[in-house]
Each structure stands twice: as structure tokens, then as C-alpha cells.
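Peer 1: Sending over run29.cif (mmCIF, C-alpha atoms).
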data_final
loop_
_atom_site.label_atom_id
_atom_site.label_comp_id
_atom_site.auth_asym_id
_atom_site.auth_seq_id
_atom_site.Cartn_x
_atom_site.Cartn_y
_atom_site.Cartn_z
CA MET F 1 0.00 0.00 0.00
CA ILE F 2 1.23 3.50 -0.88
CA HIS F 3 0.24 5.42 2.23
CA ILE F 4 -1.35 8.87 2.11
CA ALA F 5 1.13 10.05 4.76
CA SER F 6 4.47 8.76 6.03
CA PRO F 7 6.38 10.65 8.78
CA GLN F 8 10.07 10.84 7.90
CA ILE F 9 11.91 10.15 11.17
CA GLY F 10 15.67 9.57 10.97
CA GLU F 11 18.61 8.87 13.22
CA GLU F 12 19.01 12.57 14.01
CA GLU F 13 15.61 12.71 15.71
CA LYS F 14 16.26 9.48 17.61
CA LYS F 15 19.64 10.73 18.85
CA ALA F 16 18.15 14.06 19.94
CA VAL F 17 15.43 12.30 21.95
CA ILE F 18 17.97 10.04 23.68
CA GLU F 19 20.04 13.10 24.62
CA VAL F 20 17.00 14.70 26.23
CA LEU F 21 16.09 11.52 28.10
CA GLU F 22 19.62 11.14 29.39
CA SER F 23 19.77 14.80 30.46
CA GLY F 24 16.92 14.40 32.94
CA MET F 25 15.38 17.71 31.74
CA LEU F 26 12.20 16.47 30.10
CA ALA F 27 9.69 19.29 30.56
CA GLN F 28 9.66 22.66 28.86
CA GLY F 29 13.33 23.71 28.89
CA SER F 30 16.32 24.60 26.76
CA ARG F 31 15.32 22.35 23.86
CA VAL F 32 11.97 24.08 23.60
CA LYS F 33 13.66 27.49 23.61
CA ALA F 34 16.12 26.44 20.89
CA PHE F 35 13.28 25.06 18.76
CA GLU F 36 11.26 28.25 19.22
CA ASP F 37 14.19 30.43 18.19
CA ALA F 38 14.84 28.35 15.07
CA PHE F 39 11.17 28.31 14.11
CA ALA F 40 10.92 32.08 14.50
CA GLU F 41 13.94 32.50 12.23
CA MET F 42 12.37 30.21 9.61
CA CYS F 43 9.18 32.30 9.58
CA GLY F 44 11.01 35.63 9.68
CA VAL F 45 9.41 36.78 12.93
CA GLU F 46 10.66 37.94 16.32
CA HIS F 47 8.87 35.41 18.51
CA ALA F 48 7.74 31.78 18.40
CA ILE F 49 5.90 30.10 21.26
CA ALA F 50 5.71 26.31 21.38
CA THR F 51 2.52 24.61 22.54
CA SER F 52 1.23 21.08 22.99
CA SER F 53 -0.70 20.94 19.67
CA GLY F 54 -1.92 22.98 16.74
CA THR F 55 -5.31 23.27 18.41
CA THR F 56 -3.80 24.69 21.61
CA ALA F 57 -1.72 27.07 19.47
CA LEU F 58 -4.93 28.43 17.94
CA HIS F 59 -6.67 28.56 21.32
CA THR F 60 -3.74 30.33 22.97
CA ALA F 61 -3.30 32.83 20.12
CA LEU F 62 -6.93 33.89 20.35
CA LEU F 63 -6.72 34.30 24.13
CA ALA F 64 -3.44 36.21 23.85
CA HIS F 65 -5.24 38.79 21.70
CA GLY F 66 -8.05 39.12 24.24
CA LEU F 67 -10.67 37.61 21.96
CA GLY F 68 -13.63 36.15 23.78
CA GLU F 69 -17.31 36.20 24.65
CA GLY F 70 -19.48 37.97 22.09
CA ASP F 71 -16.72 38.51 19.53
CA GLU F 72 -17.09 37.29 15.95
CA ILE F 73 -14.24 35.88 13.87
CA ILE F 74 -14.52 35.42 10.11
CA THR F 75 -13.07 32.19 8.78
CA SER F 76 -13.46 29.38 6.25
CA PRO F 77 -15.84 26.44 6.63
CA PHE F 78 -13.59 24.18 4.54
CA THR F 79 -10.89 22.99 6.92
CA PHE F 80 -10.30 20.70 9.88
CA ILE F 81 -12.77 21.42 12.66
CA SER F 82 -10.17 22.58 15.21
CA SER F 83 -9.93 25.92 13.39
CA ALA F 84 -13.53 26.83 14.20
CA ASN F 85 -13.63 24.95 17.51
CA SER F 86 -10.78 27.09 18.84
CA ILE F 87 -13.01 30.12 18.30
CA LEU F 88 -15.77 28.44 20.30
CA PHE F 89 -13.28 27.57 23.06
CA VAL F 90 -12.76 31.28 23.85
CA GLY F 91 -16.50 32.04 23.74
CA ALA F 92 -16.43 33.76 20.36
CA LYS F 93 -18.48 32.94 17.26
CA PRO F 94 -17.14 31.64 13.94
CA VAL F 95 -18.62 33.47 10.95
CA PHE F 96 -18.13 31.38 7.83
CA VAL F 97 -17.37 32.79 4.39
CA ASP F 98 -17.33 30.65 1.26
CA ILE F 99 -14.15 29.59 -0.51
CA ASP F 100 -12.40 30.26 -3.79
CA PRO F 101 -13.01 26.96 -5.62
CA LEU F 102 -9.59 27.09 -7.30
CA THR F 103 -7.47 27.43 -4.14
CA PHE F 104 -9.92 26.01 -1.53
CA ASN F 105 -9.08 29.04 0.65
CA ILE F 106 -11.41 31.75 1.93
CA ASP F 107 -12.61 34.07 -0.84
CA PRO F 108 -11.55 37.60 0.15
CA LYS F 109 -14.20 39.13 -2.11
CA LEU F 110 -16.85 37.81 0.30
CA ILE F 111 -15.26 38.89 3.58
CA GLU F 112 -16.42 42.50 3.81
CA GLU F 113 -20.10 41.63 3.51
CA ALA F 114 -19.67 39.34 6.55
CA ILE F 115 -18.22 42.10 8.76
CA ARG F 116 -20.56 43.21 11.54
CA PRO F 117 -20.18 45.38 14.66
CA LYS F 118 -19.00 42.38 16.71
CA THR F 119 -16.39 41.29 14.16
CA LYS F 120 -12.94 41.42 15.74
CA ALA F 121 -10.70 39.22 13.59
CA ILE F 122 -10.19 37.27 10.40
CA MET F 123 -8.77 33.75 10.57
CA PRO F 124 -7.58 32.75 7.08
CA ILE F 125 -6.79 29.06 6.66
CA HIS F 126 -3.74 28.33 4.51
CA LEU F 127 -5.19 25.01 3.38
CA PHE F 128 -3.23 22.02 2.05
CA GLY F 129 0.04 24.04 2.05
CA LEU F 130 -1.17 26.99 -0.06
CA SER F 131 -1.47 30.56 1.21
CA ALA F 132 -4.71 32.45 1.31
CA ASP F 133 -4.74 35.77 -0.61
CA MET F 134 -2.91 37.74 2.06
CA ASP F 135 -2.70 41.08 0.23
CA ALA F 136 -6.48 41.25 0.02
CA ILE F 137 -7.02 39.93 3.53
CA MET F 138 -4.52 42.28 5.17
CA ALA F 139 -6.02 45.25 3.29
CA ILE F 140 -9.50 44.38 4.60
CA ALA F 141 -8.16 43.89 8.12
CA GLU F 142 -6.42 47.27 8.06
CA LYS F 143 -9.48 49.03 6.63
CA HIS F 144 -11.77 47.64 9.34
CA ASP F 145 -9.24 47.51 12.21
CA LEU F 146 -9.42 43.72 12.51
CA LEU F 147 -6.89 41.24 13.89
CA VAL F 148 -5.51 38.52 11.62
CA ILE F 149 -4.88 35.07 13.10
CA GLU F 150 -3.27 32.87 10.45
CA ASP F 151 -4.09 29.19 10.61
CA ALA F 152 -0.92 27.87 8.96
CA CYS F 153 -1.26 24.45 10.56
CA GLN F 154 -0.79 22.79 7.15
CA SER F 155 1.69 25.25 5.63
CA HIS F 156 5.12 25.04 7.26
CA GLY F 157 7.59 26.94 5.09
CA ALA F 158 5.03 28.10 2.54
CA ALA F 159 5.23 31.67 1.30
CA TYR F 160 3.14 34.40 -0.27
CA LYS F 161 5.00 36.78 -2.58
CA GLY F 162 8.29 35.89 -0.91
CA LYS F 163 7.04 36.30 2.66
CA LYS F 164 6.66 33.24 4.88
CA LEU F 165 3.26 32.37 6.24
CA GLY F 166 2.88 33.03 9.93
CA SER F 167 4.50 36.46 9.54
CA PHE F 168 1.51 38.49 8.31
CA GLY F 169 -0.61 38.40 11.45
CA THR F 170 -0.25 36.04 14.39
CA GLY F 171 0.59 32.62 12.97
CA THR F 172 -0.32 29.19 14.27
CA PHE F 173 1.13 25.83 13.23
CA SER F 174 0.47 22.16 13.95
CA LEU F 175 3.29 19.65 14.40
CA TYR F 176 1.14 16.55 14.19
CA PRO F 177 2.84 13.45 12.66
CA THR F 178 1.23 13.81 9.22
CA LYS F 179 2.31 17.42 8.72
CA ASN F 180 5.26 18.54 6.55
CA MET F 181 7.35 18.41 9.72
CA THR F 182 6.49 16.96 13.11
CA SER F 183 7.43 16.98 16.76
CA ALA F 184 5.27 13.84 17.25
CA GLU F 185 2.65 16.21 18.66
CA GLY F 186 2.88 19.93 19.20
CA GLY F 187 2.12 23.40 17.92
CA MET F 188 3.71 26.80 17.42
CA ILE F 189 2.57 30.43 17.55
CA THR F 190 4.50 33.09 15.62
CA THR F 191 4.34 36.85 16.07
CA ASN F 192 6.28 40.10 15.86
CA ASP F 193 4.32 41.53 18.80
CA ALA F 194 6.26 41.18 22.06
CA GLU F 195 3.14 41.67 24.18
CA ILE F 196 1.22 38.94 22.37
CA ALA F 197 4.21 36.61 22.75
CA LYS F 198 4.37 37.37 26.47
CA ASN F 199 0.64 36.76 26.88
CA ALA F 200 0.87 33.45 25.01
CA ARG F 201 3.71 32.19 27.19
CA VAL F 202 1.72 33.01 30.33
CA ILE F 203 -1.45 31.36 29.05
CA ARG F 204 0.30 28.12 28.05
CA GLN F 205 1.75 27.71 31.55
CA HIS F 206 -1.12 28.01 34.03
CA GLY F 207 -1.27 31.82 33.92
CA MET F 208 2.10 32.21 35.64
CA ARG F 209 4.20 35.34 35.17
CA ARG F 210 6.23 34.36 38.24
CA ARG F 211 6.66 30.76 39.36
CA TYR F 212 3.69 29.68 41.48
CA TYR F 213 2.05 33.11 41.24
CA HIS F 214 -1.09 32.73 39.14
CA ASP F 215 -2.48 36.13 38.23
CA GLU F 216 -4.86 34.93 35.54
CA LEU F 217 -6.51 31.80 34.18
CA GLY F 218 -4.11 29.72 32.12
CA PHE F 219 -3.72 26.20 30.81
CA ASN F 220 -1.15 23.42 30.62
CA PHE F 221 -0.41 23.81 26.91
CA ARG F 222 3.36 23.35 27.19
CA MET F 223 5.64 21.43 24.87
CA THR F 224 8.12 18.95 26.32
CA ASP F 225 11.83 18.93 25.51
CA VAL F 226 11.36 15.46 24.02
CA HIS F 227 8.90 16.83 21.45
CA ALA F 228 11.03 19.92 20.85
CA ALA F 229 14.10 17.78 20.17
CA ILE F 230 12.23 15.94 17.43
CA GLY F 231 10.78 19.17 16.06
CA HIS F 232 14.11 20.96 15.94
CA GLU F 233 15.69 18.18 13.90
CA GLN F 234 12.66 18.05 11.61
CA LEU F 235 12.85 21.80 11.06
CA LYS F 236 16.38 21.39 9.69
CA LYS F 237 14.98 18.94 7.14
CA LEU F 238 11.89 20.96 6.25
CA PRO F 239 13.35 22.64 3.13
CA HIS F 240 14.28 19.22 1.72
CA PHE F 241 10.92 17.73 2.66
CA ASN F 242 9.07 20.60 0.97
CA ARG F 243 11.18 20.46 -2.18
CA LYS F 244 10.46 16.74 -2.48
CA ARG F 245 6.73 17.35 -2.03
CA GLN F 246 6.85 20.04 -4.72
CA MET F 247 8.69 17.70 -7.12
CA ASN F 248 6.20 14.92 -6.46
CA ALA F 249 3.29 17.33 -7.00
CA LYS F 250 4.81 18.53 -10.27
CA TYR F 251 5.06 14.98 -11.57
CA LEU F 252 1.46 14.22 -10.59
CA SER F 253 0.11 17.42 -12.16
CA GLU F 254 1.98 16.79 -15.40
CA ASN F 255 0.73 13.22 -15.74
CA LEU F 256 -2.74 12.87 -14.23
CA LYS F 257 -5.68 12.79 -16.66
CA GLY F 258 -9.40 13.39 -16.24
CA VAL F 259 -9.17 15.22 -12.89
CA LEU F 260 -8.61 18.84 -11.86
CA THR F 261 -5.12 19.22 -10.38
CA PRO F 262 -4.06 21.84 -7.77
CA VAL F 263 -3.68 25.47 -8.79
CA VAL F 264 -0.62 27.47 -7.71
CA PRO F 265 -1.18 31.19 -8.40
CA ASP F 266 1.76 33.40 -9.39
CA GLY F 267 3.72 34.52 -6.33
CA TYR F 268 2.57 31.66 -4.13
CA GLU F 269 4.88 28.93 -2.84
CA HIS F 270 2.77 25.80 -2.28
CA VAL F 271 4.33 23.19 0.03
CA PHE F 272 1.72 20.49 -0.64
CA HIS F 273 0.80 19.22 2.77
CA GLN F 274 -1.88 17.54 0.72
CA TYR F 275 -2.03 17.06 -3.04
CA THR F 276 -5.73 17.62 -3.55
CA ILE F 277 -7.51 17.02 -6.84
CA ARG F 278 -11.13 17.48 -7.81
CA VAL F 279 -12.92 14.51 -9.34
CA PRO F 280 -15.81 15.52 -11.63
CA ASP F 281 -19.10 13.81 -12.51
CA GLY F 282 -19.73 12.28 -9.10
CA LYS F 283 -16.93 9.74 -9.50
CA ARG F 284 -14.94 10.68 -6.37
CA ASP F 285 -16.12 7.96 -4.03
CA GLU F 286 -15.78 5.27 -6.70
CA LEU F 287 -12.22 6.47 -7.43
CA VAL F 288 -11.32 6.30 -3.73
CA GLU F 289 -12.51 2.71 -3.55
CA TYR F 290 -10.66 1.81 -6.76
CA LEU F 291 -7.41 3.36 -5.54
CA ARG F 292 -7.51 1.56 -2.23
CA GLU F 293 -8.27 -1.74 -3.94
CA ASN F 294 -5.19 -1.15 -6.08
CA GLY F 295 -2.79 -0.28 -3.27
CA VAL F 296 -2.95 3.52 -3.38
CA GLY F 297 -3.90 5.39 -0.21
CA ALA F 298 -6.29 8.30 -0.61
CA GLY F 299 -7.95 10.75 1.76
CA ILE F 300 -10.97 13.04 1.64
CA TYR F 301 -10.18 16.37 3.27
CA TYR F 302 -12.88 17.26 4.11
CA PRO F 303 -16.13 15.32 3.50
CA VAL F 304 -18.32 17.72 5.51
CA PRO F 305 -17.74 21.50 5.75
CA ILE F 306 -17.79 22.79 9.31
CA HIS F 307 -21.05 24.70 8.92
CA LYS F 308 -22.72 21.38 8.04
CA GLN F 309 -21.24 19.38 10.92
CA SER F 310 -23.92 17.98 13.21
CA TYR F 311 -22.87 19.93 16.32
CA TYR F 312 -22.79 23.23 14.45
CA VAL F 313 -26.22 22.63 12.93
CA THR F 314 -28.12 21.08 15.83
CA GLU F 315 -26.46 22.78 18.82
CA LEU F 316 -25.32 26.11 17.39
CA GLY F 317 -28.00 26.71 14.79
CA TYR F 318 -25.88 27.20 11.69
CA ASP F 319 -28.07 27.01 8.57
CA GLN F 320 -25.93 28.64 5.88
CA ILE F 321 -25.62 27.51 2.31
CA LEU F 322 -22.01 27.92 1.19
CA ALA F 323 -22.23 26.30 -2.20
CA LYS F 324 -18.57 26.31 -3.21
CA ALA F 325 -17.37 24.72 0.02
CA GLU F 326 -20.17 22.17 -0.15
CA ARG F 327 -19.35 21.23 -3.72
CA ALA F 328 -15.66 20.94 -2.89
CA ALA F 329 -16.53 18.51 -0.10
CA GLU F 330 -18.24 16.30 -2.69
CA GLU F 331 -15.35 16.37 -5.19
CA VAL F 332 -12.00 16.65 -3.38
CA LEU F 333 -9.59 13.76 -3.09
CA SER F 334 -6.04 13.87 -1.73
CA LEU F 335 -3.35 11.61 -3.19
CA PRO F 336 -0.01 10.64 -1.63
CA VAL F 337 2.62 13.38 -2.09
CA HIS F 338 4.89 12.86 0.92
CA PRO F 339 8.72 12.81 0.68
CA GLY F 340 8.91 9.05 1.15
CA LEU F 341 7.42 8.30 -2.28
CA SER F 342 9.61 6.60 -4.86
CA GLN F 343 9.39 7.16 -8.61
CA LYS F 344 7.69 3.78 -8.86
CA ASP F 345 5.11 4.93 -6.28
CA LEU F 346 4.38 8.06 -8.30
CA GLU F 347 3.98 6.06 -11.48
CA SER F 348 1.61 3.66 -9.70
CA ILE F 349 -0.52 6.55 -8.42
CA VAL F 350 -0.77 8.08 -11.89
CA SER F 351 -1.51 4.75 -13.52
CA ALA F 352 -4.29 3.94 -11.07
CA VAL F 353 -6.01 7.33 -11.40
CA ASN F 354 -5.70 7.44 -15.18
CA THR F 355 -6.91 3.89 -15.65
CA PHE F 356 -10.05 4.62 -13.65
CA MET F 357 -10.76 8.03 -15.17
CA ASN F 358 -10.18 6.91 -18.75
#
Let me see the structure of the file written as C-alpha cells.
Peer 2:
Amino acid sequence: MIHIASPQIGEEEKKAVIEVLESGMLAQGSRVKAFEDAFAEMCGVEHAIATSSGTTALHTALLAHGLGEGDEIITSPFTFISSANSILFVGAKPVFVDIDPLTFNIDPKLIEEAIRPKTKAIMPIHLFGLSADMDAIMAIAEKHDLLVIEDACQSHGAAYKGKKLGSFGTGTFSLYPTKNMTSAEGGMITTNDAEIAKNARVIRQHGMRRRYYHDELGFNFRMTDVHAAIGHEQLKKLPHFNRKRQMNAKYLSENLKGVLTPVVPDGYEHVFHQYTIRVPDGKRDELVEYLRENGVGAGIYYPVPIHKQSYYVTELGYDQILAKAERAAEEVLSLPVHPGLSQKDLESIVSAVNTFMN
């Protein structure tokens, strides 16, 4: 089976973990700080704050900006549910805007009509490794005095017009095993705002500004040195991982037939966390079954947009029709693109898709 994802863990990560275990310093310590500094440098920002997951990075970033009860945050419905759930966690309300069907990202042309008196922020999702349209989004945010919280959980190292994602507003990243780089589990917040960074560090560690003095409500969202050791070594390999993903994506796009392949607009650097095609004529589910029967892993990200998820409909009362996101959910299919693929794997993927579609 050619797996849809395959974490690339080498001897460097194993050695780094053993060094941490032998040091006796396992909790948040010097390895976390070193990883944070390196991650900030990669993104071109002043501060990076490590957390226990991508979800806690989102949660912490929102709290660090003071977002909460009664606030509204504009975002995309076509993403993993943690993006919107993190908004609920702080007592705010997600306001969903439909997507650009070519990029799968939030359509900036629809954002302004969703702005209301309670709107406080925009959360663009850089989905599948491709940036949202940050020029348009930042212009809207500046015009309406809104915060920008970037969900870059799938876009480590991706760039928009030469500028790394996570450096436009406050960035958030996931370090889950299937991502372009991993710390086994973990997250990261990036910012150029020293006050936001300070707030985030307090929130992730039980609200402590001084040890055992708890001046505000906080959480245990810390990263361990074990996870940071893995993440730091993975970060060194990220450029290679991303180049391999881009090469694999190029081969697939040049050879697949009968499906719509990913779009990469001018000025965007796509790092292909997922290589997501669109399958026309209602054939998606049949193609998934065919691929799996023929040894090719495939994933559907995502089969149900957030505004149509049961909890959001029955408990929160969402009843929107967002036609482009809903159609994407019926047509999208992600194929293996990870760095562990061989040329033979790529040829097998292409052969299987083309045989079915033709």
C-alpha cells in the first residue's frame, strides 16, 4: 500500500530524543527554547511560542489577543474542525465565508459583507500548504481595524510573494505526525508583537508570570523537551521535505488525466501538505474505492464542511448555504505526495487514477 502520509523520522531525531532523556530535563526547557528560536527564524518573525498541539496554538493565540465572549471571527468552513472549535473555546463565534473553488481558501471578495459590529478578527486558513490571498485579507483587516490570526497548521515553510506564512498576522502551526514536519505532537505560535508573545507564554503555563504566582486563568499547553528535540531536527529537514513534495506534486500534475489538479497562483509557494484534486461527474467515491483496492492510499479532506457538521447545525443553529465549500466537499480527493514516495510509487498513483478516469 502506498500510504497517504508517512512521517520521515531519521537517526538525528532518535539521537536528539535520547540526549534529552539522558539529560533528565524532560519538561519545557532549553530544547523548547532552541526550537522556538529556530522556528521564528524560519518564519522571519521575532517570537515563536511552542505549545502542545496545533489546536492549543490556535486557542492560545486567540486568548493572547483578548478575543472572547461575544466577539465574531470570520473564517473558512472548509478545513479541519479545530480551526472553528478554537473560536468556540474562547466564547467567540465563527462566521463562515465561502471559498475560492480554485485554491480552496477563503474568498476575500466575500469577507467585507460578513463584517458586523462584533467582528474582531479574520482567521484565514492556509489550506493544504497553499497561502490564502494575504494582500487582500490584510487590506480588509487594516481598513476595518481587525486582527488577523493565520491558521498555517498545514503550511510550514510556505510563502506568499516571498514572505513566509505566519508572519503576516499572528501565525499558528500544527506539528502533528502527518504534517510537513512533526514533533510527534505539538504546535507553534508566531508573532512580531512582544506583548502577544508574552501573553501566550503566560497562558500556556497556568497563567504564571512568576513561578507559582497565578495572576490569571491559564492552561497546561506546554511542549516537552522530548517533542522539541524531534521538532528541531525536523525543522532542519523541512526545506528538503518541501522540495520533495513540490517535485512529487509537479510529476502528478503533469501526468494525471481526467481530474482537476491543484492550482498554484503566481507569487505563491505551495508546500503540498496535501495534493488535492477534484474529481468531476460524481466519481470521487468510486475512485477512492478503486485506488484503495489497487494499493494507493487516498484521503478526503474534508467530507463535511464545518457549517454542516452535526454539532454546528443542531447545537449552534448554523443554517448557511455555502455552495462552493459544499461542492468541494463532494469532489475533493487527496493523493499521496509525501517525501517518502519513490518514482515507482508516483507512477503507480498516476496509472491507477488514469486507468479509472479513462
Peer 1: Identify all residues satisfying the PyMOL selection byres ((chain F and resi 23-36) around 9) in the given file; provide them as a list in words.
Peer 2: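 So the PyMOL selection byres ((chain F and resi 23-36) around 9), applied here, picks out Ile18, Glu19, Val20, Leu21, Glu22, Asp37, Ala38, Phe39, Ala40, Glu41, His47, Ala48, Ile49, Ala50, Met188, Arg222, Met223, Thr224, Asp225, Val226, His227, Ala228, Ala229, Gly231, His232, Glu233 and Leu235 of chain F.
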Peer 1: Can you list, as a VMD selection string, the residues that the PyMOL selection byres ((chain F and resi 216) around 9) selects here?
Peer 2: chain F and resid 202 to 203 206 to 208 214 to 215 217 to 218
Peer 1: Restricting it to C-alpha atoms, dump the selection as a PDB file, keeping the file's coordinate frame.
Peer 2:
ATOM      1  CA  VAL F 202       1.720  33.010  30.330  1.00  0.00           C
ATOM      2  CA  ILE F 203      -1.450  31.360  29.050  1.00  0.00           C
ATOM      3  CA  HIS F 206      -1.120  28.010  34.030  1.00  0.00           C
ATOM      4  CA  GLY F 207      -1.270  31.820  33.920  1.00  0.00           C
ATOM      5  CA  MET F 208       2.100  32.210  35.640  1.00  0.00           C
ATOM      6  CA  HIS F 214      -1.090  32.730  39.140  1.00  0.00           C
ATOM      7  CA  ASP F 215      -2.480  36.130  38.230  1.00  0.00           C
ATOM      8  CA  LEU F 217      -6.510  31.800  34.180  1.00  0.00           C
ATOM      9  CA  GLY F 218      -4.110  29.720  32.120  1.00  0.00           C
TER      10      GLY F 218
END
Peer 1: Check which residues satisfy the PyMOL selection byres ((chain F and resi 335-345) around 7) in the file shown, then give them as a PyMOL selection string.
Peer 2: chain F and resi 2-6+241+244-245+248-249+274-276+297-299+333-334+346-349
Peer 1: What does the distance between atom CA of Ala141 of chain F and atom CA of Phe128 of chain F come to in Å, to one decimal place?
Peer 2: 23.2 Å
Peer 1: Quick one: residues within 12 Å of Gln234 of chain F, all atoms listed in the file counted, chain neighbours fewer than 3 positions away excluded, as an NGL selection string?
Peer 2: :F and (7-14 or 16 or 35 or 38-39 or 156 or 175-177 or 179-184 or 227-231 or 237-242)
